[in-house]
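This report concerns only the one structure given below.
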Amino acid sequence: LRSNIPAFIAYNNGVSAIVGPNIMTFNVERLDTSNSMNIATGIFTAPVSGLYFFGFNSLAEINNTSLVEVFFRKNGAALNYTRSYDAENVGTAYGPTAVITTIEQLSANDTMQVYLNSGSSHGNQNGQFYGYLIG
């Protein structure tokens with residue numbers, strides 16, 4: 001068993017929707033074993049080099065848009081292969097949950113964040129950004 005494995009979970013509690021285009025930021029840090037997640041900026045900074053797993057899920061809010069699109073950004077650059085699109089249920093209050101995951105090789109001080117390119121992400125604990133060191 002390894003101790004002190006970098007891991008984090010962040011989400012929004014009681015906030016209104018975040019509307020894209022925008023970096024996803026958060027106001028609750030449920031877990032952060034290495035103090036590497038800055039919820040105010042939405043940026044995770046790798047404390048050590050290694051292979052990391054990342055995930056993001058959110059209830060899409062699509063009242064006024066035809067498309068919800070989210071993706072990860074590594075060191076500020078879009079990881080296009082992590083994109084999630086959804087254009088279902090347009091005109092209703094909420095759509096399905098947008099989910100993206102990836103495994104990335106990071107060097108110490110590399111960053112990861114979630115970018116909401118279009119649409120809205122519902123608040124009130126209906127989504128979270130999370131990650132941890134695999135090895």
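Chain labels run A, B, ... following the order of the structure tokens; each chain numbers its residues from 1, and ligands are numbered from 1 in the order shown.
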
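Counting only C-alpha atoms, Thr101 in chain A has the following residues at most 7 Å away, ignoring those fewer than 3 positions along the same chain: A:Phe54, A:Gly55, A:Phe56, A:Thr82.
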
Would you put the residues from that selection into a file with N, CA, C and O atoms, as an mmCIF file, in the first residue's frame?
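After the write, selection06.cif holds the following:
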```cif
data_model
loop_
_atom_site.group_PDB
_atom_site.id
_atom_site.type_symbol
_atom_site.label_atom_id
_atom_site.label_comp_id
_atom_site.auth_asym_id
_atom_site.auth_seq_id
_atom_site.Cartn_x
_atom_site.Cartn_y
_atom_site.Cartn_z
ATOM 1 N N PHE A 54 -7.865 11.041 -14.854
ATOM 2 C CA PHE A 54 -8.719 12.197 -14.594
ATOM 3 C C PHE A 54 -10.130 11.917 -15.081
ATOM 4 O O PHE A 54 -10.327 11.223 -16.083
ATOM 5 N N GLY A 55 -11.103 12.470 -14.385
ATOM 6 C CA GLY A 55 -12.489 12.360 -14.801
ATOM 7 C C GLY A 55 -13.248 13.631 -14.489
ATOM 8 O O GLY A 55 -12.892 14.391 -13.588
ATOM 9 N N PHE A 56 -14.297 13.857 -15.249
ATOM 10 C CA PHE A 56 -15.208 14.971 -15.010
ATOM 11 C C PHE A 56 -16.594 14.530 -15.418
ATOM 12 O O PHE A 56 -16.779 13.876 -16.441
ATOM 13 N N THR A 82 -10.543 14.139 -25.715
ATOM 14 C CA THR A 82 -11.353 13.993 -24.504
ATOM 15 C C THR A 82 -12.682 14.714 -24.618
ATOM 16 O O THR A 82 -13.397 14.848 -23.642
#
```

Using only C-alpha atoms, the shortest atom-to-atom distance to Ala77 in chain A among A:Met37, A:Ala46, A:Leu133, A:Met112 belongs to A:Met112

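By chain and then residue number, the residues within 12 Å of Val15 in chain A are A:Thr25, A:Phe26, A:Asn27, A:Val28, A:Ser121, A:His122, A:Gly123, A:Asn124, A:Gln125, A:Asn126, A:Gly127, counting only C-alpha atoms and disregarding those fewer than 5 positions away in sequence.
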
Tell me which of A:Phe71, A:Thr102, A:Ile5, A:Ile134 sits closest to Ser36 in chain A, counting only C-alpha atoms. A:Ile5

Return the single residue from A:Asn80, A:Asn12, A:Thr111, A:Ser120 that is closest to Pro47 in chain A, with distances computed using only C-alpha atoms. A:Thr111

Residues of range 17-133 of chain A in strand (DSSP E) according to DSSP, as an mmCIF file with N, CA, C and O atoms, in the first residue's frame?
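Result written to selection_39.cif:
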```cif
data_model
loop_
_atom_site.group_PDB
_atom_site.id
_atom_site.type_symbol
_atom_site.label_atom_id
_atom_site.label_comp_id
_atom_site.auth_asym_id
_atom_site.auth_seq_id
_atom_site.Cartn_x
_atom_site.Cartn_y
_atom_site.Cartn_z
ATOM 1 N N ILE A 18 -22.438 27.192 -14.511
ATOM 2 C CA ILE A 18 -21.281 27.798 -15.164
ATOM 3 C C ILE A 18 -21.540 27.716 -16.658
ATOM 4 O O ILE A 18 -21.874 26.653 -17.184
ATOM 5 N N VAL A 19 -21.422 28.832 -17.333
ATOM 6 C CA VAL A 19 -21.739 28.919 -18.750
ATOM 7 C C VAL A 19 -20.454 29.042 -19.554
ATOM 8 O O VAL A 19 -19.564 29.816 -19.203
ATOM 9 N N ASN A 22 -15.689 28.738 -20.788
ATOM 10 C CA ASN A 22 -15.178 29.065 -19.468
ATOM 11 C C ASN A 22 -14.383 27.891 -18.906
ATOM 12 O O ASN A 22 -14.719 26.734 -19.155
ATOM 13 N N ILE A 23 -13.362 28.187 -18.115
ATOM 14 C CA ILE A 23 -12.672 27.171 -17.346
ATOM 15 C C ILE A 23 -13.587 26.780 -16.194
ATOM 16 O O ILE A 23 -14.170 27.650 -15.548
ATOM 17 N N VAL A 28 -15.834 23.599 -3.629
ATOM 18 C CA VAL A 28 -15.667 22.588 -2.585
ATOM 19 C C VAL A 28 -14.565 21.628 -3.021
ATOM 20 O O VAL A 28 -14.557 21.140 -4.155
ATOM 21 N N GLU A 29 -13.653 21.365 -2.103
ATOM 22 C CA GLU A 29 -12.606 20.384 -2.324
ATOM 23 C C GLU A 29 -12.880 19.245 -1.338
ATOM 24 O O GLU A 29 -12.592 19.359 -0.156
ATOM 25 N N ARG A 30 -13.487 18.183 -1.851
ATOM 26 C CA ARG A 30 -13.863 17.065 -0.978
ATOM 27 C C ARG A 30 -12.656 16.227 -0.588
ATOM 28 O O ARG A 30 -12.636 15.597 0.465
ATOM 29 N N LEU A 31 -11.640 16.230 -1.430
ATOM 30 C CA LEU A 31 -10.430 15.452 -1.194
ATOM 31 C C LEU A 31 -9.289 16.133 -1.930
ATOM 32 O O LEU A 31 -9.455 16.581 -3.066
ATOM 33 N N ASP A 32 -8.139 16.246 -1.281
ATOM 34 C CA ASP A 32 -6.930 16.733 -1.936
ATOM 35 C C ASP A 32 -5.742 16.300 -1.088
ATOM 36 O O ASP A 32 -5.296 17.016 -0.199
ATOM 37 N N MET A 37 -4.734 20.760 -6.018
ATOM 38 C CA MET A 37 -5.885 21.255 -6.771
ATOM 39 C C MET A 37 -6.232 22.654 -6.273
ATOM 40 O O MET A 37 -6.482 22.855 -5.085
ATOM 41 N N ASN A 38 -6.236 23.617 -7.186
ATOM 42 C CA ASN A 38 -6.640 24.981 -6.858
ATOM 43 C C ASN A 38 -8.072 25.146 -7.340
ATOM 44 O O ASN A 38 -8.308 25.320 -8.544
ATOM 45 N N ILE A 43 -7.477 24.505 -11.586
ATOM 46 C CA ILE A 43 -6.255 23.886 -12.103
ATOM 47 C C ILE A 43 -5.656 22.900 -11.104
ATOM 48 O O ILE A 43 -5.409 23.246 -9.949
ATOM 49 N N PHE A 44 -5.425 21.674 -11.590
ATOM 50 C CA PHE A 44 -4.655 20.680 -10.848
ATOM 51 C C PHE A 44 -3.218 20.766 -11.341
ATOM 52 O O PHE A 44 -2.966 20.734 -12.554
ATOM 53 N N THR A 45 -2.263 20.855 -10.422
ATOM 54 C CA THR A 45 -0.844 20.880 -10.759
ATOM 55 C C THR A 45 -0.207 19.604 -10.225
ATOM 56 O O THR A 45 -0.245 19.350 -9.011
ATOM 57 N N GLY A 50 4.325 11.227 -13.349
ATOM 58 C CA GLY A 50 3.708 9.914 -13.350
ATOM 59 C C GLY A 50 2.514 9.837 -14.268
ATOM 60 O O GLY A 50 2.194 10.782 -14.994
ATOM 61 N N LEU A 51 1.847 8.709 -14.216
ATOM 62 C CA LEU A 51 0.651 8.438 -15.004
ATOM 63 C C LEU A 51 -0.556 8.744 -14.133
ATOM 64 O O LEU A 51 -0.690 8.207 -13.025
ATOM 65 N N TYR A 52 -1.449 9.608 -14.623
ATOM 66 C CA TYR A 52 -2.611 10.062 -13.859
ATOM 67 C C TYR A 52 -3.910 9.713 -14.580
ATOM 68 O O TYR A 52 -3.985 9.762 -15.805
ATOM 69 N N PHE A 53 -4.919 9.418 -13.784
ATOM 70 C CA PHE A 53 -6.288 9.255 -14.282
ATOM 71 C C PHE A 53 -7.059 10.506 -13.909
ATOM 72 O O PHE A 53 -6.958 10.990 -12.777
ATOM 73 N N PHE A 54 -7.865 11.041 -14.854
ATOM 74 C CA PHE A 54 -8.719 12.197 -14.594
ATOM 75 C C PHE A 54 -10.130 11.917 -15.081
ATOM 76 O O PHE A 54 -10.327 11.223 -16.083
ATOM 77 N N GLY A 55 -11.103 12.470 -14.385
ATOM 78 C CA GLY A 55 -12.489 12.360 -14.801
ATOM 79 C C GLY A 55 -13.248 13.631 -14.489
ATOM 80 O O GLY A 55 -12.892 14.391 -13.588
ATOM 81 N N PHE A 56 -14.297 13.857 -15.249
ATOM 82 C CA PHE A 56 -15.208 14.971 -15.010
ATOM 83 C C PHE A 56 -16.594 14.530 -15.418
ATOM 84 O O PHE A 56 -16.779 13.876 -16.441
ATOM 85 N N ASN A 57 -17.562 14.863 -14.590
ATOM 86 C CA ASN A 57 -18.950 14.621 -14.959
ATOM 87 C C ASN A 57 -19.787 15.801 -14.481
ATOM 88 O O ASN A 57 -19.465 16.438 -13.480
ATOM 89 N N SER A 58 -20.842 16.104 -15.219
ATOM 90 C CA SER A 58 -21.714 17.212 -14.844
ATOM 91 C C SER A 58 -23.067 17.054 -15.501
ATOM 92 O O SER A 58 -23.159 16.641 -16.658
ATOM 93 N N LEU A 59 -24.086 17.430 -14.765
ATOM 94 C CA LEU A 59 -25.426 17.504 -15.334
ATOM 95 C C LEU A 59 -25.456 18.698 -16.268
ATOM 96 O O LEU A 59 -25.157 19.827 -15.862
ATOM 97 N N ALA A 60 -25.745 18.460 -17.525
ATOM 98 C CA ALA A 60 -25.780 19.533 -18.517
ATOM 99 C C ALA A 60 -27.054 20.356 -18.345
ATOM 100 O O ALA A 60 -28.124 19.826 -18.070
ATOM 101 N N GLU A 61 -26.905 21.649 -18.485
ATOM 102 C CA GLU A 61 -28.035 22.576 -18.434
ATOM 103 C C GLU A 61 -28.151 23.177 -19.816
ATOM 104 O O GLU A 61 -27.287 23.943 -20.239
ATOM 105 N N VAL A 68 -23.693 21.053 -25.646
ATOM 106 C CA VAL A 68 -22.823 21.129 -24.479
ATOM 107 C C VAL A 68 -21.526 20.425 -24.880
ATOM 108 O O VAL A 68 -21.547 19.300 -25.365
ATOM 109 N N GLU A 69 -20.396 21.118 -24.690
ATOM 110 C CA GLU A 69 -19.106 20.564 -25.081
ATOM 111 C C GLU A 69 -18.096 20.841 -23.974
ATOM 112 O O GLU A 69 -17.898 21.981 -23.566
ATOM 113 N N VAL A 70 -17.455 19.768 -23.473
ATOM 114 C CA VAL A 70 -16.402 19.896 -22.461
ATOM 115 C C VAL A 70 -15.198 19.070 -22.887
ATOM 116 O O VAL A 70 -15.342 18.082 -23.610
ATOM 117 N N PHE A 71 -14.018 19.503 -22.441
ATOM 118 C CA PHE A 71 -12.807 18.728 -22.692
ATOM 119 C C PHE A 71 -11.758 19.097 -21.656
ATOM 120 O O PHE A 71 -11.864 20.106 -20.969
ATOM 121 N N PHE A 72 -10.745 18.246 -21.535
ATOM 122 C CA PHE A 72 -9.619 18.539 -20.660
ATOM 123 C C PHE A 72 -8.612 19.404 -21.388
ATOM 124 O O PHE A 72 -8.477 19.331 -22.618
ATOM 125 N N ARG A 73 -7.865 20.193 -20.612
ATOM 126 C CA ARG A 73 -6.730 20.943 -21.142
ATOM 127 C C ARG A 73 -5.500 20.594 -20.300
ATOM 128 O O ARG A 73 -5.554 20.638 -19.073
ATOM 129 N N LYS A 74 -4.430 20.213 -20.980
ATOM 130 C CA LYS A 74 -3.158 19.910 -20.320
ATOM 131 C C LYS A 74 -2.208 21.059 -20.612
ATOM 132 O O LYS A 74 -1.987 21.397 -21.783
ATOM 133 N N ALA A 77 -3.428 23.528 -23.170
ATOM 134 C CA ALA A 77 -3.731 23.093 -24.538
ATOM 135 C C ALA A 77 -4.846 22.042 -24.524
ATOM 136 O O ALA A 77 -4.835 21.124 -23.705
ATOM 137 N N ALA A 78 -5.785 22.197 -25.432
ATOM 138 C CA ALA A 78 -6.921 21.279 -25.501
ATOM 139 C C ALA A 78 -6.485 19.865 -25.842
ATOM 140 O O ALA A 78 -5.670 19.661 -26.735
ATOM 141 N N SER A 84 -16.509 15.810 -25.041
ATOM 142 C CA SER A 84 -17.836 15.229 -24.864
ATOM 143 C C SER A 84 -18.849 16.212 -25.416
ATOM 144 O O SER A 84 -18.858 17.380 -25.027
ATOM 145 N N TYR A 85 -19.680 15.775 -26.349
ATOM 146 C CA TYR A 85 -20.708 16.615 -26.944
ATOM 147 C C TYR A 85 -22.073 16.076 -26.550
ATOM 148 O O TYR A 85 -22.266 14.872 -26.458
ATOM 149 N N ASP A 86 -23.025 16.979 -26.378
ATOM 150 C CA ASP A 86 -24.392 16.532 -26.201
ATOM 151 C C ASP A 86 -25.352 17.591 -26.693
ATOM 152 O O ASP A 86 -25.260 18.742 -26.299
ATOM 153 N N THR A 97 -25.999 13.660 -18.390
ATOM 154 C CA THR A 97 -24.726 13.971 -17.756
ATOM 155 C C THR A 97 -23.605 13.892 -18.794
ATOM 156 O O THR A 97 -23.486 12.912 -19.512
ATOM 157 N N ALA A 98 -22.795 14.960 -18.855
ATOM 158 C CA ALA A 98 -21.611 14.963 -19.703
ATOM 159 C C ALA A 98 -20.489 14.307 -18.907
ATOM 160 O O ALA A 98 -20.258 14.668 -17.751
ATOM 161 N N VAL A 99 -19.802 13.335 -19.509
ATOM 162 C CA VAL A 99 -18.743 12.596 -18.819
ATOM 163 C C VAL A 99 -17.525 12.521 -19.726
ATOM 164 O O VAL A 99 -17.642 12.176 -20.902
ATOM 165 N N ILE A 100 -16.343 12.834 -19.154
ATOM 166 C CA ILE A 100 -15.085 12.625 -19.868
ATOM 167 C C ILE A 100 -14.082 12.019 -18.891
ATOM 168 O O ILE A 100 -14.096 12.319 -17.699
ATOM 169 N N THR A 101 -13.221 11.156 -19.404
ATOM 170 C CA THR A 101 -12.132 10.576 -18.615
ATOM 171 C C THR A 101 -10.907 10.474 -19.512
ATOM 172 O O THR A 101 -11.018 10.428 -20.742
ATOM 173 N N THR A 102 -9.752 10.435 -18.886
ATOM 174 C CA THR A 102 -8.520 10.236 -19.634
ATOM 175 C C THR A 102 -7.424 9.750 -18.696
ATOM 176 O O THR A 102 -7.522 9.904 -17.483
ATOM 177 N N ILE A 103 -6.405 9.164 -19.282
ATOM 178 C CA ILE A 103 -5.174 8.814 -18.582
ATOM 179 C C ILE A 103 -4.066 9.584 -19.276
ATOM 180 O O ILE A 103 -3.940 9.511 -20.509
ATOM 181 N N GLU A 104 -3.302 10.341 -18.492
ATOM 182 C CA GLU A 104 -2.269 11.208 -19.060
ATOM 183 C C GLU A 104 -0.948 11.037 -18.328
ATOM 184 O O GLU A 104 -0.927 10.923 -17.101
ATOM 185 N N GLN A 105 0.137 11.059 -19.082
ATOM 186 C CA GLN A 105 1.478 11.107 -18.512
ATOM 187 C C GLN A 105 1.780 12.568 -18.203
ATOM 188 O O GLN A 105 1.744 13.410 -19.103
ATOM 189 N N LEU A 106 2.045 12.888 -16.936
ATOM 190 C CA LEU A 106 2.353 14.250 -16.537
ATOM 191 C C LEU A 106 3.744 14.304 -15.925
ATOM 192 O O LEU A 106 4.162 13.379 -15.232
ATOM 193 N N THR A 111 -0.077 20.836 -15.683
ATOM 194 C CA THR A 111 -1.410 21.156 -15.173
ATOM 195 C C THR A 111 -2.501 20.488 -15.992
ATOM 196 O O THR A 111 -2.320 20.192 -17.174
ATOM 197 N N MET A 112 -3.637 20.255 -15.325
ATOM 198 C CA MET A 112 -4.851 19.752 -15.979
ATOM 199 C C MET A 112 -6.018 20.581 -15.490
ATOM 200 O O MET A 112 -6.076 20.982 -14.321
ATOM 201 N N GLN A 113 -6.966 20.817 -16.398
ATOM 202 C CA GLN A 113 -8.184 21.530 -16.051
ATOM 203 C C GLN A 113 -9.302 21.074 -16.987
ATOM 204 O O GLN A 113 -9.054 20.438 -18.006
ATOM 205 N N VAL A 114 -10.529 21.409 -16.609
ATOM 206 C CA VAL A 114 -11.691 21.111 -17.440
ATOM 207 C C VAL A 114 -12.132 22.415 -18.092
ATOM 208 O O VAL A 114 -12.244 23.447 -17.423
ATOM 209 N N TYR A 115 -12.376 22.352 -19.387
ATOM 210 C CA TYR A 115 -12.829 23.537 -20.124
ATOM 211 C C TYR A 115 -14.223 23.280 -20.677
ATOM 212 O O TYR A 115 -14.450 22.293 -21.381
ATOM 213 N N LEU A 116 -15.137 24.149 -20.321
ATOM 214 C CA LEU A 116 -16.507 24.103 -20.844
ATOM 215 C C LEU A 116 -16.537 25.028 -22.051
ATOM 216 O O LEU A 116 -16.544 26.250 -21.901
ATOM 217 N N ASN A 117 -16.496 24.449 -23.239
ATOM 218 C CA ASN A 117 -16.417 25.246 -24.463
ATOM 219 C C ASN A 117 -17.760 25.848 -24.850
ATOM 220 O O ASN A 117 -17.808 26.966 -25.354
ATOM 221 N N SER A 118 -18.834 25.115 -24.621
ATOM 222 C CA SER A 118 -20.162 25.645 -24.933
ATOM 223 C C SER A 118 -21.192 24.979 -24.032
ATOM 224 O O SER A 118 -20.951 23.912 -23.478
ATOM 225 N N SER A 120 -23.843 24.809 -20.700
ATOM 226 C CA SER A 120 -23.799 25.131 -19.274
ATOM 227 C C SER A 120 -23.647 23.864 -18.452
ATOM 228 O O SER A 120 -24.170 22.810 -18.810
ATOM 229 N N SER A 121 -22.961 24.017 -17.320
ATOM 230 C CA SER A 121 -22.792 22.934 -16.361
ATOM 231 C C SER A 121 -23.563 23.307 -15.100
ATOM 232 O O SER A 121 -23.311 24.348 -14.497
ATOM 233 N N GLY A 127 -21.980 17.708 -10.344
ATOM 234 C CA GLY A 127 -20.825 17.379 -11.164
ATOM 235 C C GLY A 127 -19.556 17.495 -10.360
ATOM 236 O O GLY A 127 -19.518 18.165 -9.322
ATOM 237 N N GLN A 128 -18.512 16.823 -10.843
ATOM 238 C CA GLN A 128 -17.243 16.884 -10.130
ATOM 239 C C GLN A 128 -16.080 16.632 -11.076
ATOM 240 O O GLN A 128 -16.219 15.959 -12.085
ATOM 241 N N PHE A 129 -14.928 17.181 -10.706
ATOM 242 C CA PHE A 129 -13.648 16.973 -11.384
ATOM 243 C C PHE A 129 -12.780 16.196 -10.388
ATOM 244 O O PHE A 129 -12.693 16.565 -9.224
ATOM 245 N N TYR A 130 -12.137 15.132 -10.859
ATOM 246 C CA TYR A 130 -11.386 14.277 -9.962
ATOM 247 C C TYR A 130 -10.199 13.663 -10.692
ATOM 248 O O TYR A 130 -10.186 13.578 -11.916
ATOM 249 N N GLY A 131 -9.193 13.289 -9.919
ATOM 250 C CA GLY A 131 -8.032 12.674 -10.514
ATOM 251 C C GLY A 131 -7.134 12.058 -9.455
ATOM 252 O O GLY A 131 -7.254 12.383 -8.267
ATOM 253 N N TYR A 132 -6.240 11.170 -9.896
ATOM 254 C CA TYR A 132 -5.301 10.558 -8.976
ATOM 255 C C TYR A 132 -4.143 9.941 -9.751
ATOM 256 O O TYR A 132 -4.248 9.616 -10.934
ATOM 257 N N LEU A 133 -3.029 9.812 -9.052
ATOM 258 C CA LEU A 133 -1.833 9.201 -9.610
ATOM 259 C C LEU A 133 -2.025 7.691 -9.688
ATOM 260 O O LEU A 133 -2.354 7.049 -8.703
#
```

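If you count only C-alpha atoms and ignore residues fewer than 5 places along the chain from Asn35 in chain A, what sits within 9 Å of it is Pro6, Ala7, Phe8 and Pro47 of chain A.
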
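Distance-wise, CA of Ser49 in chain A and CA of Gly76 in chain A end up 17.6 Å apart.
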